[in-house]
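Colleague: Dropping in entry34.txt, with compact mmCIF, C-alpha atoms.
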# COMPACT_ATOMS: atom_id res chain seq x y z
CA MET T 1339 4.97 51.80 -73.36
CA TYR T 1340 5.09 49.72 -70.17
CA LYS T 1341 8.14 47.79 -71.42
CA VAL T 1342 9.96 51.07 -72.11
CA PHE T 1343 8.87 52.46 -68.74
CA ALA T 1344 10.12 49.36 -66.90
CA ASP T 1345 13.51 49.68 -68.60
CA ILE T 1346 13.98 53.34 -67.59
CA TYR T 1347 12.19 53.33 -64.20
CA ASP T 1348 15.32 53.06 -62.06
CA LEU T 1349 17.08 55.72 -64.12
CA ILE T 1350 14.33 58.34 -63.86
CA TYR T 1351 14.10 57.75 -60.10
CA SER T 1352 17.85 57.54 -59.52
CA PHE T 1353 17.57 60.63 -57.31
CA LYS T 1354 15.66 58.58 -54.70
CA ASP T 1355 17.71 57.28 -51.75
CA TYR T 1356 16.13 53.85 -51.23
CA LYS T 1357 18.86 52.71 -48.84
CA LYS T 1358 18.20 55.66 -46.52
CA GLU T 1359 14.44 55.06 -46.69
CA VAL T 1360 14.86 51.38 -45.78
CA LYS T 1361 17.00 52.33 -42.81
CA LYS T 1362 14.06 54.36 -41.46
CA ILE T 1363 11.56 51.61 -42.31
CA LYS T 1364 13.64 49.06 -40.39
CA LYS T 1365 13.65 51.32 -37.32
CA LEU T 1366 9.86 51.63 -37.48
CA ILE T 1367 9.45 47.87 -37.85
CA LYS T 1368 11.66 47.28 -34.83
CA LYS T 1369 9.67 49.83 -32.82
CA TYR T 1370 6.14 48.67 -33.66
CA LYS T 1371 6.28 44.97 -34.57
CA SER T 1372 5.65 42.46 -31.77
CA THR T 1373 5.66 39.21 -33.77
CA ASP T 1374 8.64 36.84 -33.75
CA GLY T 1375 8.67 36.21 -37.50
CA SER T 1376 10.38 38.01 -40.37
CA GLU T 1377 7.97 37.52 -43.30
CA LEU T 1378 7.70 40.82 -45.22
CA LEU T 1379 5.33 41.75 -48.05
CA ASP T 1380 6.02 44.76 -50.26
CA VAL T 1381 2.79 45.76 -52.02
CA ALA T 1382 3.34 47.63 -55.29
CA CYS T 1383 7.01 46.73 -54.96
CA GLY T 1384 8.02 48.29 -58.26
CA THR T 1385 11.48 47.27 -59.45
CA GLY T 1386 12.42 45.95 -56.00
CA GLU T 1387 14.71 48.78 -54.88
CA HIS T 1388 13.36 48.72 -51.32
CA LEU T 1389 13.44 44.92 -51.21
CA LYS T 1390 17.08 44.99 -52.29
CA TYR T 1391 17.93 46.55 -48.92
CA LEU T 1392 15.38 44.54 -46.93
CA GLU T 1393 16.24 41.00 -48.00
CA ASP T 1394 19.19 40.83 -45.58
CA SER T 1395 16.78 41.08 -42.63
CA PHE T 1396 13.50 39.62 -43.91
CA ILE T 1397 11.97 36.82 -45.95
CA CYS T 1398 10.63 38.99 -48.75
CA THR T 1399 7.64 38.79 -51.07
CA GLY T 1400 6.78 41.46 -53.62
CA VAL T 1401 3.46 42.15 -55.33
CA ASP T 1402 2.94 44.46 -58.29
CA ILE T 1403 0.36 44.78 -61.06
CA ASN T 1404 2.91 45.60 -63.79
CA GLU T 1405 4.56 42.53 -65.35
CA GLY T 1406 7.45 44.49 -66.89
CA ILE T 1407 8.30 46.15 -63.59
CA LEU T 1408 8.14 42.76 -61.81
CA ASN T 1409 10.58 41.23 -64.29
CA VAL T 1410 13.11 43.93 -63.39
CA ALA T 1411 12.56 43.20 -59.69
CA LYS T 1412 12.97 39.44 -60.17
CA ASN T 1413 16.34 39.93 -61.84
CA LYS T 1414 17.46 42.33 -59.13
CA VAL T 1415 16.31 40.57 -55.93
CA LYS T 1416 16.95 36.88 -56.49
CA GLY T 1417 16.02 35.78 -52.97
CA ALA T 1418 12.52 37.26 -52.97
CA THR T 1419 9.23 35.77 -54.18
CA PHE T 1420 7.18 37.84 -56.60
CA LYS T 1421 3.55 37.72 -57.71
CA GLN T 1422 1.66 39.80 -60.24
CA ALA T 1423 -1.54 40.99 -58.59
CA ASP T 1424 -3.77 43.97 -57.85
CA MET T 1425 -3.30 45.44 -54.38
CA ILE T 1426 -7.07 45.84 -53.93
CA ASN T 1427 -7.89 42.14 -54.06
CA PHE T 1428 -4.75 39.99 -54.08
CA ASP T 1429 -4.92 36.78 -52.04
CA LEU T 1430 -1.61 35.13 -51.12
CA ASN T 1431 -3.20 32.64 -48.70
CA LYS T 1432 -0.72 33.53 -45.94
CA LYS T 1433 -0.09 36.18 -43.31
CA PHE T 1434 2.96 38.39 -42.86
CA ASP T 1435 4.81 40.02 -39.99
CA VAL T 1436 5.35 43.20 -41.99
CA ILE T 1437 3.49 44.76 -44.92
CA ILE T 1438 4.81 47.89 -46.63
CA SER T 1439 3.37 49.95 -49.44
CA LEU T 1440 5.68 52.84 -50.29
CA PHE T 1441 6.30 55.63 -52.81
CA SER T 1442 2.61 56.60 -52.67
CA SER T 1443 1.66 53.56 -54.74
CA ILE T 1444 -1.62 53.13 -52.86
CA GLY T 1445 -2.84 56.34 -54.49
CA TYR T 1446 -3.43 54.31 -57.65
CA VAL T 1447 -6.49 52.66 -56.10
CA GLN T 1448 -8.04 56.10 -56.79
CA THR T 1449 -11.31 55.93 -54.83
CA TYR T 1450 -12.21 55.82 -51.14
CA ALA T 1451 -14.12 52.59 -51.73
CA ASN T 1452 -11.01 50.96 -53.19
CA LEU T 1453 -8.81 52.44 -50.46
CA GLU T 1454 -10.96 50.83 -47.78
CA LYS T 1455 -10.92 47.48 -49.61
CA THR T 1456 -7.14 47.68 -49.95
CA ILE T 1457 -6.56 48.46 -46.28
CA VAL T 1458 -8.86 45.59 -45.27
CA ASN T 1459 -6.89 43.33 -47.60
CA PHE T 1460 -3.63 44.43 -45.97
CA ALA T 1461 -5.06 43.73 -42.51
CA ASN T 1462 -6.26 40.30 -43.61
CA HIS T 1463 -2.71 39.41 -44.70
CA LEU T 1464 -1.16 40.61 -41.42
CA LYS T 1465 -0.37 38.50 -38.34
CA GLN T 1466 -1.52 39.58 -34.88
CA GLY T 1467 1.11 42.05 -33.67
CA GLY T 1468 2.35 42.57 -37.21
CA VAL T 1469 2.91 46.05 -38.63
CA VAL T 1470 1.77 47.71 -41.85
CA ILE T 1471 3.48 50.86 -43.12
CA ILE T 1472 1.78 52.87 -45.86
CA GLU T 1473 3.12 55.94 -47.61
CA LEU T 1474 0.17 57.80 -49.06
CA TRP T 1475 0.02 60.39 -51.81
CA PHE T 1476 -0.86 64.02 -51.16
CA THR T 1477 -4.15 65.32 -49.82
CA LYS T 1478 -6.10 67.97 -51.71
CA SER T 1479 -4.75 70.66 -49.36
CA THR T 1480 -1.09 69.72 -49.93
CA TYR T 1481 -1.18 68.99 -53.67
CA TRP T 1482 0.29 71.68 -55.94
CA VAL T 1483 -2.05 72.39 -58.86
CA GLY T 1484 -0.49 73.70 -62.07
CA LEU T 1485 3.08 73.11 -60.93
CA PRO T 1486 5.44 72.54 -63.89
CA SER T 1487 7.91 69.76 -63.21
CA MET T 1488 10.95 68.33 -64.97
CA THR T 1489 13.05 65.29 -64.13
CA THR T 1490 16.14 64.36 -66.14
CA TYR T 1491 18.70 61.60 -66.31
CA ASP T 1492 22.03 62.33 -67.99
CA GLY T 1493 23.93 59.10 -68.57
CA ASP T 1494 26.77 58.45 -71.00
CA ASP T 1495 24.68 56.25 -73.29
CA ILE T 1496 21.14 57.36 -72.47
CA LYS T 1497 19.48 60.72 -71.82
CA ILE T 1498 15.96 61.09 -70.42
CA ALA T 1499 13.73 64.13 -69.92
CA ARG T 1500 10.30 63.95 -68.30
CA LEU T 1501 7.99 66.97 -68.11
CA ASN T 1502 4.55 67.33 -66.65
CA THR T 1503 2.16 69.64 -64.89
CA THR T 1504 -0.46 68.88 -62.25
CA LYS T 1505 -4.26 68.97 -62.26
CA ILE T 1506 -7.10 67.94 -59.96
CA GLU T 1507 -10.18 66.24 -61.39
CA ASN T 1508 -12.75 65.43 -58.69
CA ASP T 1509 -10.72 63.58 -56.01
CA LEU T 1510 -7.90 62.60 -58.37
CA SER T 1511 -4.55 64.20 -59.01
CA VAL T 1512 -3.78 63.96 -62.72
CA MET T 1513 -0.28 64.07 -64.16
CA GLU T 1514 0.31 63.62 -67.86
CA MET T 1515 4.01 62.81 -68.06
CA HIS T 1516 5.77 63.43 -71.38
CA TYR T 1517 8.98 61.43 -71.89
CA LEU T 1518 11.82 62.00 -74.34
CA ILE T 1519 14.44 59.23 -74.40
CA VAL T 1520 17.53 58.98 -76.56
CA GLU T 1521 20.04 56.11 -76.46
CA LYS T 1522 23.40 55.80 -78.15
CA ASN T 1523 23.06 54.86 -81.82
CA LYS T 1524 19.24 54.86 -81.60
CA ASP T 1525 16.42 57.20 -82.62
CA VAL T 1526 14.71 59.43 -80.08
CA LYS T 1527 11.65 57.86 -78.41
CA TYR T 1528 8.67 59.81 -77.16
CA PHE T 1529 5.68 58.64 -75.14
CA VAL T 1530 3.08 59.96 -72.72
CA ASP T 1531 2.30 58.22 -69.43
CA LYS T 1532 -0.83 59.43 -67.63
CA HIS T 1533 -1.01 58.99 -63.86
CA GLU T 1534 -4.20 59.41 -61.81
CA LEU T 1535 -3.86 59.06 -58.04
CA GLY T 1536 -6.45 59.48 -55.31
CA LEU T 1537 -6.13 62.49 -53.01
CA PHE T 1538 -7.12 60.86 -49.73
CA ASP T 1539 -7.93 62.76 -46.56
CA THR T 1540 -5.71 61.83 -43.61
CA ASP T 1541 -8.54 61.41 -41.11
CA LYS T 1542 -10.51 59.21 -43.51
CA THR T 1543 -7.49 56.99 -44.09
CA LEU T 1544 -6.92 56.63 -40.34
CA GLU T 1545 -10.60 55.77 -39.93
CA PHE T 1546 -10.35 52.95 -42.50
CA MET T 1547 -7.24 51.55 -40.80
CA LYS T 1548 -8.85 51.55 -37.35
CA LYS T 1549 -11.99 49.95 -38.77
CA ALA T 1550 -9.81 47.18 -40.24
CA GLY T 1551 -8.54 46.28 -36.77
CA LEU T 1552 -5.32 48.25 -36.79
CA LYS T 1553 -3.95 50.38 -33.98
CA VAL T 1554 -2.79 53.27 -36.10
CA GLU T 1555 -0.46 56.23 -35.94
CA PHE T 1556 0.22 58.95 -38.53
CA LEU T 1557 3.84 60.09 -38.78
CA LYS T 1558 4.06 63.49 -40.44
CA ASP T 1559 7.81 63.13 -40.92
CA GLY T 1560 7.77 60.42 -43.57
CA LEU T 1561 10.14 59.33 -46.30
CA MET T 1562 9.34 62.15 -48.73
CA LYS T 1563 8.21 65.74 -48.26
CA GLU T 1564 4.57 66.22 -47.19
CA ARG T 1565 3.51 62.60 -47.71
CA GLY T 1566 3.84 61.15 -44.22
CA LEU T 1567 3.58 57.52 -43.15
CA TYR T 1568 0.67 55.56 -41.71
CA VAL T 1569 1.77 52.86 -39.28
CA GLY T 1570 -0.77 50.25 -38.19
CA VAL T 1571 -0.39 47.32 -35.82
CA LYS T 1572 -2.78 44.34 -36.06
CA THR T 1573 -4.60 44.04 -32.72
As structure tokens, how would this structure be written, given the file I've shared?

Modeller:
Amino acid sequence: MYKVFADIYDLIYSFKDYKKEVKKIKKLIKKYKSTDGSELLDVACGTGEHLKYLEDSFICTGVDINEGILNVAKNKVKGATFKQADMINFDLNKKFDVIISLFSSIGYVQTYANLEKTIVNFANHLKQGGVVIIELWFTKSTYWVGLPSMTTYDGDDIKIARLNTTKIENDLSVMEMHYLIVEKNKDVKYFVDKHELGLFDTDKTLEFMKKAGLKVEFLKDGLMKERGLYVGVKT
């Protein structure tokens, strides 16, 4: 399943304007960062779409837990360094000028205990004056329960349809995504990919970031609707 998902990831998210998002990220880095270096770490980097537009300005490293996804990123962003690791407890034995974690990936840590550990880990990998930018998932008050959703990709040689609805179980958002994929001269493939992301309160997240030694600001106008960005500077 993960091999298939890695192969179609960029197609199913082809609607996402990574170049535009990176333009905003670069402006935020310029505004908040006070270090002289240009070492950037992308945590949960996915297939490297953000890094593709960042490598012209930064020395880039990407971390992700999914080996298949990382292989796509390695082939796409030749100048970056990649490591397979868990965002909660990775140890790269170095510090960075910039750390980013985008597309709500941090929601996959699921619990407040893991969120705090992850933020502390980010802070430990950040230089004094360095900046961390985190795009969180929804809160309980902004998450749409029961919303039917469909995403499609209509290429010449491949067609993809993904359908899901949304549930809340305790403090987790649960999305069971059903995929239909058909490629030219091949049989139709079907698989289910279940996603469970933590619904973290904004104030609690800010509290964890401050506790980790970060001067923090929440930007309501983020990269995607109703997700916002958390910007922290290592003091």

Colleague: I'd like the contact shell of range 1341-1356 of chain T - 8 Å cut-off, all atoms listed in the file, skipping same-chain residues fewer than 4 positions apart - returned as a list in words.

Modeller: Val1360, Thr1385, Glu1387, His1388, Tyr1391, Gly1406, Ile1407, Val1410, Thr1489, Thr1490, Tyr1491 and Ile1498 of chain T

Colleague: Tell me, in Å to one decimal, how far CA of Ser1442 in chain T is from CA of Lys1361 in chain T.

Modeller: 18.0 Å

Colleague: Which residue is closest to Asp1525 in chain T? Choose from T:Thr1540, T:Met1488, T:Ala1423, T:Ile1496 and count only C-alpha atoms.

Modeller: T:Ile1496

Colleague: Quick one: residues within 9 Å of Ile1363 in chain T, all atoms listed in the file counted, chain neighbours fewer than 4 positions away excluded, as a ChimeraX atom specification?

Modeller: /T:1358-1359,1367-1368,1438,1471,1561

Colleague: Of the candidates T:Leu1485, T:Val1512, T:Ala1461, T:Val1436, which shows the shortest atom-to-atom distance to Tyr1370 in chain T, using all atoms listed in the file?

Modeller: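 Smallest separation from Tyr1370 in chain T among the options: T:Val1436.
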
Colleague: Work out how far apart CA of Lys1572 in chain T and CA of Leu1552 in chain T are and give it in Å to one decimal.

Modeller: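 Going from CA of Lys1572 in chain T over to CA of Leu1552 in chain T covers 4.7 Å.
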
Colleague: Please work out which residues fall within 12 Å of (-7.6, 55.7, -42.9), coordinates as given in the file, with all atoms listed in the file counting, and return them as a ChimeraX atom specification.

Modeller: /T:1444,1450-1458,1472-1474,1538-1556,1567-1570

Colleague: Hey, can you pull every residue with an atom no more than 9 Å from (0.4, 39.5, -61.4), using only C-alpha atoms, and send it as a PyMOL selection string?

Modeller: chain T and resi 1401-1405+1408+1420-1424+1428

Colleague: Looking at all atoms listed in the file, which of T:Lys1465, T:Lys1390, T:Lys1558, T:Lys1371 is the one that sits closest to Val1415 in chain T?

Modeller: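 Distance minimum relative to Val1415 in chain T lands on T:Lys1390.
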
Colleague: For Thr1477 in chain T, which of T:Lys1362, T:Lys1505, T:Lys1414, T:Arg1565 is the closest residue, counting all atoms listed in the file?

Modeller: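 Smallest distance to Thr1477 in chain T is found for T:Arg1565.
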
Colleague: How many Å separate CA of Lys1369 in chain T from CA of Gln1466 in chain T?

Modeller: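 Taking CA of Lys1369 in chain T as the start and CA of Gln1466 in chain T as the end point, the length is 15.3 Å.
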
Colleague: Taking only C-alpha atoms into account, which of T:Leu1389, T:Leu1501, T:Leu1366, T:Ile1506 comes nearest Glu1534 in chain T?

Modeller: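 Comparing T:Leu1389, T:Leu1501, T:Leu1366, T:Ile1506 against Glu1534 in chain T, the winner is T:Ile1506.
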
Colleague: Identify which of the residues T:Asp1495, T:Glu1521, T:Asp1429, T:Asp1531 lies closest to Asn1459 in chain T, counting all atoms listed in the file when measuring atom-to-atom distances.

Modeller: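 Going through T:Asp1495, T:Glu1521, T:Asp1429, T:Asp1531 one by one, the smallest distance to Asn1459 in chain T is for T:Asp1429.
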
Colleague: Enclose range 1355-1363 of chain T, meaning all of its atoms listed in the file, in a box aligned along x, y and z, pad it by 6 Å on each side, and list the centre and edge lengths in Å to one decimal, as lines of an AutoDock Vina configuration file.

Modeller:
center_x = 15.2
center_y = 54.3
center_z = -46.6
size_x = 19.3
size_y = 17.9
size_z = 22.3
